[in-house]
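Q: The following block contains the structure, expressed as structure tokens.
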Amino acid sequence: MRLSAELRAFQGRLGHSFHRPELLVRALTHPSISTETRPSNQRLEFLGDRVLNLTIAEALFRADRLADEGQLAPRYNVLVRKETCADVARQIDLGTALKLGRSEMMSGGRRKDALLGDAMEAVIAAIYLDGGLEPARAAVLRLWGGRIDAAEEQARDPKTALQEWAQARAMPPPDYVETRRSGPDHAPRFTIEARLASGETASATAGSKRHAEQAAAEALLKRVEGT
């Protein structure tokens, strides 16, 4: 099977040359365009998620030999979550190579975290099936790169910091309330208000609820700490 020029270019950005190029094609095929003879990437996504999890867990285990499970778990969660997978996918411009049905394409599927993250996991599985665990592990470590070194800092995100601030003062955890949603369905904007039991609030707007919650928590933390 010969890859198109577009997929050959993506293969170069990925850093793995496929002996079985049909695996790459399948990894980039979204269910919206799959057929009986052209299966989607969902099964590969299932496998790739496990390969990613093992690789990241091992990398963190080796990187900090003094960290206990309670310290490693939040770092791991930061690195394997869908948003991080989507960020890595954007880094190698996976969206341009993703094969989508017309409806998904028209609704901005090439930019959606869920689609990009799923496809990134499927691509990891394709590398694993094509060359084994070592090439897949090498690809993950190369693509995740400095994110692994920065995981400790990222794990203490603003929401966690705000919750710790509240708990230290015998308050319940902060509440996060969606107060507004705007924009088209394929590119929504969410406004979230973070609220403490003591009455302090702060709002933020972003393209995902998670990012808006993080920004609101950061703004509220700065407010209550007077920074």
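As shown in the structure tokens, the chain order sets the letters A, B, ...; within each chain, residues go from 1, and ligands are also counted from 1 in the order they appear.
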Range 204-219 of chain A: which residues within 12 Å, counting only C-alpha atoms, same-chain residues fewer than 3 positions away excluded, as a VMD selection string?

A: chain A and resid 81 to 83 111 to 114 154 156 to 166 173 to 196 200 to 201 222 to 227

Q: Write out, as a short mmCIF file (atom, residue, chain, number, x, y, z; two decimals), in the first residue's frame, the residues just selected, with N, CA and C atoms.

A:
data_model
loop_
_atom_site.label_atom_id
_atom_site.label_comp_id
_atom_site.auth_asym_id
_atom_site.auth_seq_id
_atom_site.Cartn_x
_atom_site.Cartn_y
_atom_site.Cartn_z
N ARG A 81 -4.00 12.64 30.03
CA ARG A 81 -5.36 13.12 29.81
C ARG A 81 -5.56 13.50 28.35
N LYS A 82 -6.82 13.54 27.95
CA LYS A 82 -7.18 13.77 26.54
C LYS A 82 -6.64 15.10 26.03
N GLU A 83 -6.67 16.13 26.86
CA GLU A 83 -6.20 17.45 26.42
C GLU A 83 -4.72 17.43 26.08
N ARG A 111 -10.19 20.27 14.88
CA ARG A 111 -9.70 21.07 16.01
C ARG A 111 -10.18 20.56 17.37
N LYS A 112 -11.04 19.55 17.37
CA LYS A 112 -11.63 19.09 18.63
C LYS A 112 -10.66 18.25 19.45
N ASP A 113 -10.58 18.56 20.74
CA ASP A 113 -9.69 17.80 21.62
C ASP A 113 -9.99 16.31 21.60
N ALA A 114 -11.28 15.95 21.66
CA ALA A 114 -11.65 14.54 21.75
C ALA A 114 -11.18 13.77 20.53
N GLN A 154 2.94 21.12 36.50
CA GLN A 154 1.62 21.15 35.89
C GLN A 154 0.58 20.43 36.75
N ARG A 156 0.17 20.49 39.87
CA ARG A 156 -0.43 21.38 40.88
C ARG A 156 -1.10 22.53 40.13
N ASP A 157 -2.19 22.22 39.49
CA ASP A 157 -2.89 23.22 38.68
C ASP A 157 -3.66 24.18 39.59
N PRO A 158 -4.18 25.27 39.02
CA PRO A 158 -4.89 26.26 39.84
C PRO A 158 -6.08 25.71 40.62
N LYS A 159 -6.82 24.76 40.03
CA LYS A 159 -7.96 24.19 40.75
C LYS A 159 -7.50 23.45 42.00
N THR A 160 -6.42 22.69 41.86
CA THR A 160 -5.89 21.97 43.02
C THR A 160 -5.39 22.95 44.07
N ALA A 161 -4.67 23.98 43.62
CA ALA A 161 -4.13 24.96 44.56
C ALA A 161 -5.25 25.69 45.30
N LEU A 162 -6.32 26.05 44.59
CA LEU A 162 -7.44 26.74 45.22
C LEU A 162 -8.15 25.83 46.23
N GLN A 163 -8.30 24.56 45.88
CA GLN A 163 -8.93 23.62 46.80
C GLN A 163 -8.09 23.46 48.06
N GLU A 164 -6.78 23.38 47.89
CA GLU A 164 -5.89 23.26 49.05
C GLU A 164 -5.98 24.51 49.92
N TRP A 165 -6.08 25.69 49.28
CA TRP A 165 -6.22 26.94 50.02
C TRP A 165 -7.50 26.92 50.86
N ALA A 166 -8.59 26.45 50.25
CA ALA A 166 -9.87 26.39 50.95
C ALA A 166 -9.82 25.38 52.10
N PRO A 173 -14.73 22.47 49.29
CA PRO A 173 -14.09 22.74 48.00
C PRO A 173 -14.84 23.82 47.22
N PRO A 174 -14.17 24.55 46.36
CA PRO A 174 -14.83 25.59 45.55
C PRO A 174 -15.87 24.97 44.62
N ASP A 175 -16.86 25.77 44.27
CA ASP A 175 -17.85 25.38 43.26
C ASP A 175 -17.49 26.06 41.94
N TYR A 176 -17.84 25.38 40.83
CA TYR A 176 -17.61 25.93 39.49
C TYR A 176 -18.95 25.90 38.74
N VAL A 177 -19.41 27.07 38.37
CA VAL A 177 -20.73 27.21 37.76
C VAL A 177 -20.62 27.83 36.37
N GLU A 178 -21.21 27.17 35.39
CA GLU A 178 -21.24 27.74 34.04
C GLU A 178 -22.29 28.85 34.02
N THR A 179 -21.86 30.07 33.75
CA THR A 179 -22.77 31.21 33.75
C THR A 179 -23.13 31.68 32.34
N ARG A 180 -22.37 31.24 31.34
CA ARG A 180 -22.67 31.67 29.97
C ARG A 180 -21.99 30.72 28.98
N ARG A 181 -22.67 30.52 27.85
CA ARG A 181 -22.07 29.79 26.73
C ARG A 181 -22.38 30.56 25.46
N SER A 182 -21.38 30.78 24.64
CA SER A 182 -21.56 31.55 23.42
C SER A 182 -20.80 30.88 22.28
N GLY A 183 -20.97 31.41 21.07
CA GLY A 183 -20.28 30.88 19.91
C GLY A 183 -21.01 29.72 19.27
N PRO A 184 -20.58 29.33 18.07
CA PRO A 184 -21.22 28.21 17.37
C PRO A 184 -20.93 26.87 18.04
N ASP A 185 -21.69 25.85 17.68
CA ASP A 185 -21.53 24.53 18.30
C ASP A 185 -20.13 23.96 18.09
N HIS A 186 -19.52 24.26 16.94
CA HIS A 186 -18.20 23.66 16.67
C HIS A 186 -17.07 24.45 17.33
N ALA A 187 -17.36 25.64 17.88
CA ALA A 187 -16.33 26.43 18.54
C ALA A 187 -16.94 27.21 19.70
N PRO A 188 -17.47 26.51 20.71
CA PRO A 188 -18.15 27.19 21.81
C PRO A 188 -17.17 27.91 22.73
N ARG A 189 -17.69 28.89 23.45
CA ARG A 189 -16.94 29.62 24.47
C ARG A 189 -17.72 29.51 25.78
N PHE A 190 -17.03 29.09 26.82
CA PHE A 190 -17.68 28.86 28.11
C PHE A 190 -17.20 29.89 29.13
N THR A 191 -18.14 30.46 29.87
CA THR A 191 -17.79 31.34 30.99
C THR A 191 -18.12 30.60 32.27
N ILE A 192 -17.12 30.43 33.11
CA ILE A 192 -17.25 29.69 34.36
C ILE A 192 -16.93 30.62 35.52
N GLU A 193 -17.74 30.54 36.57
CA GLU A 193 -17.48 31.30 37.78
C GLU A 193 -17.04 30.36 38.89
N ALA A 194 -15.88 30.63 39.48
CA ALA A 194 -15.40 29.88 40.63
C ALA A 194 -15.89 30.57 41.90
N ARG A 195 -16.43 29.79 42.83
CA ARG A 195 -17.03 30.36 44.04
C ARG A 195 -16.51 29.66 45.29
N LEU A 196 -16.14 30.46 46.28
CA LEU A 196 -15.76 29.94 47.59
C LEU A 196 -16.92 30.12 48.56
N GLU A 200 -16.21 34.85 48.02
CA GLU A 200 -15.36 35.36 46.94
C GLU A 200 -15.63 34.59 45.64
N THR A 201 -15.61 35.32 44.53
CA THR A 201 -15.83 34.69 43.22
C THR A 201 -14.87 35.28 42.19
N LYS A 222 -5.54 34.26 42.99
CA LYS A 222 -4.80 35.52 43.05
C LYS A 222 -5.55 36.55 43.87
N ARG A 223 -6.86 36.54 43.74
CA ARG A 223 -7.68 37.51 44.48
C ARG A 223 -7.61 37.27 45.98
N VAL A 224 -7.78 36.02 46.40
CA VAL A 224 -7.82 35.76 47.83
C VAL A 224 -6.43 35.82 48.47
N GLU A 225 -5.40 35.59 47.68
CA GLU A 225 -4.03 35.67 48.21
C GLU A 225 -3.47 37.08 48.10
N GLY A 226 -4.21 37.97 47.41
CA GLY A 226 -3.78 39.35 47.28
C GLY A 226 -2.57 39.54 46.40
N THR A 227 -2.45 38.65 45.35
CA THR A 227 -1.30 38.75 44.45
C THR A 227 -1.74 39.31 43.12
#

Q: Considering only C-alpha atoms, return as an mmCIF file with C-alpha atoms, in the first residue's frame whatever protein or nucleic-acid residues lie within 6 Å of His30 in chain A, sequence-local ones (same chain, fewer than 6 positions apart) excluded.

A:
data_model
loop_
_atom_site.group_PDB
_atom_site.id
_atom_site.type_symbol
_atom_site.label_atom_id
_atom_site.label_comp_id
_atom_site.auth_asym_id
_atom_site.auth_seq_id
_atom_site.Cartn_x
_atom_site.Cartn_y
_atom_site.Cartn_z
ATOM 1 C CA SER A 40 -12.225 3.186 12.127
ATOM 2 C CA LYS A 99 -9.866 11.351 7.758
ATOM 3 C CA LEU A 100 -13.320 12.638 8.689
#

Q: List as an MDAnalysis selection string the protein and nucleic acid residues near range 56-73 of chain A, meaning an atom at most 12 Å away when only C-alpha atoms are counted, but skip any in the same chain fewer than 2 places from it.

A: chainID A and resid 49:54 75:81 85 136:153 155:156

Q: Output as a ChimeraX atom specification all residues of range 8-182 of chain A that backbone DSSP marks as strand (DSSP E or B).

A: /A:29,99,175-182

Q: Which residue gives the smallest distance to Leu94 in chain A among A:Gly199, A:Gly12, A:Pro172, A:Gly131, with only C-alpha atoms counted?

A: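 Distance minimum relative to Leu94 in chain A lands on A:Gly12.
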
Q: Would you work out the distance separating CA of Glu121 in chain A from CA of Ala27 in chain A, expressed in Å to one decimal?

A: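 Value for the CA of Glu121 in chain A-CA of Ala27 in chain A distance: 8.4 Å.
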
Q: Which residue gives the smallest distance to Asn41 in chain A among A:Leu3, A:Met106, A:Leu115, A:Ala122, with only C-alpha atoms counted?

A: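 When distances to Asn41 in chain A are compared using only C-alpha atoms, the smallest one comes from A:Ala122.
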
Q: If DSSP is run on the backbone, what residues of range 8-85 of chain A are alpha helix (DSSP H)? A reply as a PyMOL selection string would be ideal.

A: chain A and resi 8-14+21-27+42-63+69-80+82-85

Q: Would you put the residues from that selection into a file with C-alpha atoms, as a compact mmCIF listing (two decimals), in the first residue's frame?

A:
# COMPACT_ATOMS: atom_id res chain seq x y z
CA ARG A 8 4.02 10.63 3.96
CA ALA A 9 4.50 14.17 5.25
CA PHE A 10 2.67 13.28 8.47
CA GLN A 11 4.79 10.14 8.83
CA GLY A 12 7.86 12.39 8.68
CA ARG A 13 6.48 14.67 11.41
CA LEU A 14 5.63 11.62 13.49
CA PRO A 21 1.21 1.76 6.13
CA GLU A 22 -2.36 0.47 6.35
CA LEU A 23 -2.00 0.75 10.13
CA LEU A 24 -1.38 4.48 9.85
CA VAL A 25 -4.36 4.89 7.53
CA ARG A 26 -6.59 3.08 10.00
CA ALA A 27 -5.27 5.12 12.94
CA GLN A 42 -11.53 3.03 17.72
CA ARG A 43 -9.92 -0.35 18.41
CA LEU A 44 -6.47 1.18 17.93
CA GLU A 45 -7.39 3.98 20.31
CA PHE A 46 -8.16 1.37 22.99
CA LEU A 47 -4.75 -0.25 22.56
CA GLY A 48 -2.83 2.99 22.19
CA ASP A 49 -4.22 4.31 25.45
CA ARG A 50 -2.68 1.32 27.27
CA VAL A 51 0.69 1.71 25.53
CA LEU A 52 0.74 5.41 26.40
CA ASN A 53 -0.21 4.72 30.02
CA LEU A 54 2.57 2.18 30.49
CA THR A 55 5.19 4.38 28.83
CA ILE A 56 4.32 7.48 30.85
CA ALA A 57 4.06 5.55 34.13
CA GLU A 58 7.48 4.00 33.54
CA ALA A 59 9.03 7.33 32.53
CA LEU A 60 7.78 9.03 35.70
CA PHE A 61 8.83 6.06 37.84
CA ARG A 62 12.39 6.28 36.49
CA ALA A 63 12.59 10.08 36.51
CA GLU A 69 2.43 7.00 44.55
CA GLY A 70 0.64 10.08 45.81
CA GLN A 71 3.17 12.32 44.06
CA LEU A 72 3.39 10.31 40.84
CA ALA A 73 -0.35 9.88 40.25
CA PRO A 74 -1.21 13.55 39.57
CA ARG A 75 1.80 13.91 37.25
CA TYR A 76 0.67 10.82 35.37
CA ASN A 77 -2.89 12.14 35.08
CA VAL A 78 -1.64 15.41 33.59
CA LEU A 79 0.38 13.59 30.92
CA VAL A 80 -2.18 11.01 29.75
CA LYS A 82 -7.18 13.77 26.54
CA GLU A 83 -6.20 17.45 26.42
CA THR A 84 -2.50 16.60 26.56
CA CYS A 85 -2.88 13.99 23.83

Q: Please compute the CA of Leu133 in chain A-CA of Gly95 in chain A distance, one decimal, in Å.

A: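 Distance reported for this atom pair: 24.7 Å.
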
Q: Quick one: of A:Gly117, A:Gly15, A:Gly101, A:Gly132, who's nearest to Ser32 in chain A, counting only C-alpha atoms?

A: A:Gly101
